[in-house]
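Structure data (mmCIF, C-alpha atoms and all ligand atoms) from final.cif:
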data_target
#
loop_
_atom_site.label_atom_id
_atom_site.label_comp_id
_atom_site.auth_asym_id
_atom_site.auth_seq_id
_atom_site.Cartn_x
_atom_site.Cartn_y
_atom_site.Cartn_z
CA MET J 59 -21.03 21.62 -5.43
CA SER J 60 -19.28 21.46 -2.05
CA ARG J 61 -15.77 22.83 -1.72
CA THR J 62 -14.41 19.48 -0.57
CA PRO J 63 -13.53 18.15 -4.06
CA LEU J 64 -11.45 21.27 -4.73
CA LEU J 65 -9.70 20.93 -1.37
CA LEU J 66 -8.94 17.29 -2.12
CA GLU J 67 -7.61 18.21 -5.54
CA ARG J 68 -5.34 20.86 -4.01
CA LEU J 69 -4.12 18.42 -1.36
CA ALA J 70 -3.46 15.76 -4.01
CA ALA J 71 -1.43 18.25 -6.05
CA LEU J 72 0.64 19.29 -3.02
CA ILE J 73 1.26 15.70 -2.02
CA HIS J 74 2.27 14.83 -5.55
CA GLN J 75 4.69 17.75 -5.56
CA SER J 76 6.24 16.47 -2.30
CA VAL J 77 6.56 12.97 -3.74
CA ARG J 78 8.13 14.34 -6.92
CA ASP J 79 10.65 16.48 -5.00
CA GLU J 80 11.57 13.67 -2.66
CA ALA J 81 11.92 11.15 -5.50
CA ALA J 82 14.24 13.55 -7.34
CA LEU J 83 16.50 13.75 -4.26
CA HIS J 84 17.13 10.02 -4.69
CA GLY J 85 17.39 10.12 -8.46
CA LEU J 86 13.98 8.45 -8.78
CA LEU J 87 10.64 9.16 -10.42
CA PRO J 88 7.52 9.52 -8.24
CA ILE J 89 6.24 6.06 -9.23
CA HIS J 90 9.51 4.51 -8.01
CA LEU J 91 9.06 6.06 -4.58
CA GLN J 92 5.39 5.11 -4.50
CA VAL J 93 6.20 1.49 -5.33
CA LEU J 94 8.74 1.41 -2.49
CA ALA J 95 6.10 2.75 -0.09
CA TYR J 96 3.57 0.20 -1.35
CA LEU J 97 5.98 -2.72 -0.91
CA ALA J 98 6.71 -1.60 2.65
CA ARG J 99 3.00 -2.12 3.43
CA ALA J 100 2.11 -5.12 1.24
CA ASN J 101 1.59 -8.59 2.70
CA ARG J 102 2.97 -11.78 1.19
CA TYR J 103 0.03 -12.17 -1.21
CA SER J 104 0.51 -8.64 -2.45
CA ASP J 105 4.28 -8.09 -2.78
CA LEU J 106 4.07 -9.39 -6.37
CA PRO J 107 4.54 -7.44 -9.63
CA ILE J 108 0.92 -8.13 -10.64
CA ALA J 109 -0.33 -6.64 -7.37
CA VAL J 110 1.83 -3.53 -7.91
CA ALA J 111 0.19 -3.13 -11.34
CA GLU J 112 -3.28 -3.51 -9.82
CA TYR J 113 -2.63 -1.12 -6.96
CA PHE J 114 -1.39 1.72 -9.15
CA GLY J 115 -3.41 0.93 -12.27
CA ILE J 116 -0.25 0.70 -14.38
CA THR J 117 0.85 -1.81 -17.00
CA ARG J 118 2.98 -4.87 -16.30
CA GLY J 119 5.62 -3.36 -18.59
CA THR J 120 5.87 -0.25 -16.41
CA VAL J 121 6.07 -2.45 -13.32
CA SER J 122 8.88 -4.51 -14.90
CA GLN J 123 10.88 -1.37 -15.69
CA THR J 124 10.29 0.02 -12.21
CA VAL J 125 11.27 -3.22 -10.52
CA ALA J 126 14.41 -3.52 -12.66
CA LEU J 127 15.49 0.03 -11.78
CA LEU J 128 14.81 -0.35 -8.05
CA GLU J 129 16.69 -3.64 -8.03
CA ARG J 130 19.63 -2.10 -9.92
CA LYS J 131 19.79 0.67 -7.33
CA GLY J 132 19.82 -1.89 -4.53
CA LEU J 133 16.50 -0.63 -3.08
CA ILE J 134 14.53 -3.88 -3.47
CA ALA J 135 15.36 -7.58 -3.71
CA LYS J 136 13.51 -10.41 -5.46
CA THR J 137 12.79 -13.76 -3.82
CA ALA J 138 11.30 -16.80 -5.55
CA ASP J 139 8.16 -18.19 -3.91
CA GLU J 140 8.95 -21.47 -2.14
CA ARG J 141 5.81 -23.18 -3.42
CA HIS J 142 5.01 -21.39 -6.65
CA GLY J 143 8.22 -21.56 -8.63
CA ARG J 144 7.53 -18.74 -11.09
CA ARG J 145 6.10 -16.34 -8.53
CA ILE J 146 8.48 -13.57 -7.43
CA HIS J 147 8.15 -11.64 -4.18
CA LEU J 148 9.56 -8.13 -3.90
CA ALA J 149 10.94 -6.72 -0.65
CA LEU J 150 12.72 -3.56 0.41
CA THR J 151 16.40 -3.80 1.22
CA PRO J 152 17.78 -1.75 4.15
CA ALA J 153 18.72 0.91 1.56
CA GLY J 154 15.11 0.94 0.32
CA GLU J 155 13.81 1.31 3.88
CA ALA J 156 16.24 4.19 4.43
CA VAL J 157 14.77 6.03 1.42
CA LEU J 158 11.34 5.93 3.11
CA ALA J 159 12.57 6.71 6.62
CA HIS J 160 11.99 10.47 6.48
CA GLY J 161 9.54 10.51 3.61
CA TRP J 162 6.67 12.78 2.67
CA ALA J 163 4.13 10.54 4.45
CA ARG J 164 5.80 11.22 7.79
CA LYS J 165 5.85 14.94 7.11
CA LEU J 166 2.15 14.82 6.21
CA ASP J 167 1.44 12.91 9.42
CA ALA J 168 3.29 15.57 11.42
CA ALA J 169 1.33 18.35 9.66
CA LEU J 170 -1.92 16.52 10.38
CA ARG J 171 -1.13 16.26 14.09
CA LYS J 172 -0.19 19.92 14.20
CA SER J 173 -3.46 20.92 12.51
CA GLY J 174 -5.50 19.59 15.43
CA ALA J 175 -7.87 17.74 13.05
CA ASP J 176 -9.81 14.79 14.45
CA ASP J 177 -7.61 12.05 13.03
CA SER J 178 -10.10 9.25 13.62
CA ALA J 179 -13.07 11.07 12.03
CA LEU J 180 -10.92 12.21 9.10
CA GLU J 181 -9.65 8.66 8.53
CA SER J 182 -13.19 7.27 8.52
CA ALA J 183 -14.37 9.89 6.04
CA LEU J 184 -11.39 9.37 3.73
CA ARG J 185 -11.77 5.57 3.88
CA ALA J 186 -15.41 5.86 2.88
CA LEU J 187 -14.49 8.18 0.01
CA LEU J 188 -11.63 5.95 -1.11
CA GLY J 189 -13.88 2.87 -1.04
CA ALA J 190 -16.54 4.63 -3.11
CA LEU J 191 -14.00 5.76 -5.73
CA GLN J 192 -12.36 2.32 -5.89
CA HIS J 193 -15.77 0.73 -6.37
CA HIS J 194 -16.62 3.24 -9.07
CA ASN J 195 -13.31 2.59 -10.89
CA GLY J 196 -13.50 -1.18 -10.43
CA ASN J 197 -10.27 -1.26 -8.38
CA ARG J 198 -9.44 -3.75 -5.66
CA PRO J 199 -9.71 -2.18 -2.18
CA PHE J 200 -6.32 -3.39 -0.79
CA GLY J 201 -7.42 -3.21 2.84
CA LEU J 202 -5.68 -4.02 6.10
CA CYS J 203 -5.52 -7.78 6.75
CA ARG J 204 -6.80 -7.58 10.34
CA ARG J 205 -10.00 -5.91 9.11
CA CYS J 206 -10.69 -8.43 6.34
CA ALA J 207 -13.79 -10.63 6.19
CA HIS J 208 -11.49 -13.66 5.73
CA PHE J 209 -9.33 -12.90 8.77
CA LEU J 210 -9.51 -15.60 11.46
CA SER J 211 -7.95 -15.48 14.90
CA ASP J 212 -8.06 -17.91 17.83
CA ALA J 213 -5.82 -19.26 20.59
CA GLN J 214 -3.67 -21.00 17.98
CA GLY J 215 -2.92 -17.74 16.19
CA HIS J 216 -4.04 -15.94 13.04
CA ARG J 217 -5.15 -17.52 9.77
CA CYS J 218 -6.39 -16.46 6.36
CA GLY J 219 -9.82 -17.97 5.74
CA LEU J 220 -9.35 -17.61 1.98
CA THR J 221 -6.08 -19.55 1.64
CA GLY J 222 -6.28 -21.52 4.92
CA GLU J 223 -2.69 -20.49 5.66
CA PRO J 224 -1.39 -19.21 9.01
CA LEU J 225 -0.57 -15.49 9.22
CA ALA J 226 2.36 -14.11 11.20
CA ALA J 227 1.37 -11.17 13.42
CA GLU J 228 3.35 -8.68 11.32
CA GLN J 229 1.52 -9.85 8.15
CA THR J 230 -1.84 -9.03 9.73
CA GLN J 231 -0.80 -5.36 9.91
CA LYS J 232 -0.23 -5.15 6.16
CA ILE J 233 -2.46 -4.55 3.16
CA CYS J 234 -3.67 -7.31 0.86
CA ARG J 235 -4.94 -7.51 -2.73
CA ASP J 236 -7.46 -10.20 -1.72
CA TRP J 237 -8.99 -8.15 1.09
CA ALA J 238 -12.77 -8.26 1.40
CA ALA J 239 -15.04 -5.98 3.44
CA ARG J 240 -16.80 -7.39 6.46
CA PRO J 241 -20.56 -7.10 6.17
CA SER J 242 -20.73 -4.15 8.58
CA ALA J 243 -17.16 -2.79 8.80
CA ALA J 244 -14.83 -0.67 6.72
CA ALA J 245 -11.15 -1.49 6.01
S1 LIG J 301 -7.36 -12.57 5.71
FE1 LIG J 301 -7.96 -11.28 3.95
S2 LIG J 301 -6.45 -9.63 3.93
FE2 LIG J 301 -5.60 -11.26 5.23
S3 LIG J 301 -4.35 -12.52 3.85
FE3 LIG J 301 -6.43 -13.44 3.86
S4 LIG J 301 -7.50 -12.47 2.12
FE4 LIG J 301 -5.69 -11.22 2.56
#

Can the structure in the file be given as structure tokens, please?
Amino acid sequence: MSRTPLLLERLAALIHQSVRDEAALHGLLPIHLQVLAYLARANRYSDLPIAVAEYFGITRGTVSQTVALLERKGLIAKTADERHGRRIHLALTPAGEAVLAHGWARKLDAALRKSGADDSALESALRALLGALQHHNGNRPFGLCRRCAHFLSDAQGHRCGLTGEPLAAEQTQKICRDWAARPSAAA
């Protein structure tokens, strides 16, 4: 067996330790911090409790408890969907954004830059590995909107080919639960 799986396991453990330590600083559990980070990246089709459950592979009950706690702490806010009355969107408040401002992901990014690793090659390899594991586990890929098979763009602007709805530029930079791979491209 190659040494890569052991390296990945060690990295995952170190990252989890960082998440745990950082969450504790804010009086949170790791999953609370992870949900905040997810919501910061999720598009409007994916900032829903059901999408949070899918992304992390956790139950709706756990999501409900997490959402209730984050809301109580003033870190997220709920908004009713304008067209689907019972659908609730979740968004970070300024306090929630502040929690993420100097988070572990930024420290990891800084360490990566310092290491001199080829960022682009590493990203491609990790994306391929992530895709393979998600496929194996039957998870949705949650890819970047701009790289989705349904993404349409012309002089009029951006549009989702799946829903037919226009997409604001900032939404195209986010991840989506309905993302689909292009025939010859990765997310
Ligand atoms: S284009 Fe794809 S990723 Fe973007 S909103 Fe539509 S389904 Fe989601």

Taking all atoms listed in the file into account, which of J:Leu220, J:Leu66, J:Ala239, J:Ala149 comes nearest ligand LIG 301 (chain J)?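 Checking each candidate against ligand LIG 301 (chain J), we get J:Leu220 as the closest.
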
Surrounding residues as an MDAnalysis selection string, ligand LIG 301 (chain J), max 9 Å, only C-alpha atoms and all ligand atoms
chainID J and resid 101:104 200:210 216:225 229:239

Surrounding residues of J:Gly154 excluding itself and chain neighbours under 5 positions, 12 Å, all atoms listed in the file, as number ranges by chain: J: 84, 86, 90-98, 128-135, 148-149, 159-161

Atomic distance atom CA of J:Phe114 - atom CA of J:Pro63, expressed in Å with one decimal
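Atom CA of J:Pro63 lies at a distance of 21.1 Å from atom CA of J:Phe114.
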
| query | Of the candidates J:Ile146, J:Ala163, J:Leu184, J:Ala138, which one gets nearest to J:Ser122 if we count all atoms listed in the file? | reply |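 Closest candidate: J:Ile146.
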
Residue with the minimum atom-to-atom distance to J:Tyr113, picked from J:Pro241, J:Gly85, J:Gly196, J:Gly215 with all atoms listed in the file counted, is J:Gly196

Q: For stretch 164-172 of chain J, work out the shell of residues within 12 Å, counting all atoms listed in the file and skipping chain neighbours fewer than 6 positions away, then give it as a list in words.
A: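 That gives Leu69, Ala70, Leu72, Ile73, His74, Ser76, Val77, Glu80, Ala95, Leu158, Ser178, Leu180 and Glu181 of chain J.
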
One residue among J:Ile89, J:Val125, J:Ala156, J:Ala226 is nearest to J:Gln214 when using all atoms listed in the file, and that residue is J:Ala226

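Once J:Thr120 and its same-chain neighbours fewer than 6 positions away are set aside, Ile89, Pro107, Val110, Ala111 and Ala126 of chain J remain within 10 Å of it when counting all atoms listed in the file.
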
Save out the residues we just selected, C-alpha atoms, as a compact mmCIF listing (two decimals), in the coordinates of the input.
# COMPACT_ATOMS: atom_id res chain seq x y z
CA ILE J 89 6.24 6.06 -9.23
CA PRO J 107 4.54 -7.44 -9.63
CA VAL J 110 1.83 -3.53 -7.91
CA ALA J 111 0.19 -3.13 -11.34
CA ALA J 126 14.41 -3.52 -12.66

The distance between atom CA of J:Leu83 and atom CA of J:Val157 is 9.7 Å

I need the residue nearest J:Trp162 from this list: J:His147, J:Arg99, J:Arg78, J:His142. Use all atoms listed in the file for the distance.
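Nearest to J:Trp162: J:Arg78.
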
Original post:
Quick one: of J:Gly174, J:Ile108, J:Lys136, J:Leu87, who's nearest to J:Thr124, counting only C-alpha atoms?
Top reply: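 So, comparing all the options, the nearest one is J:Leu87.
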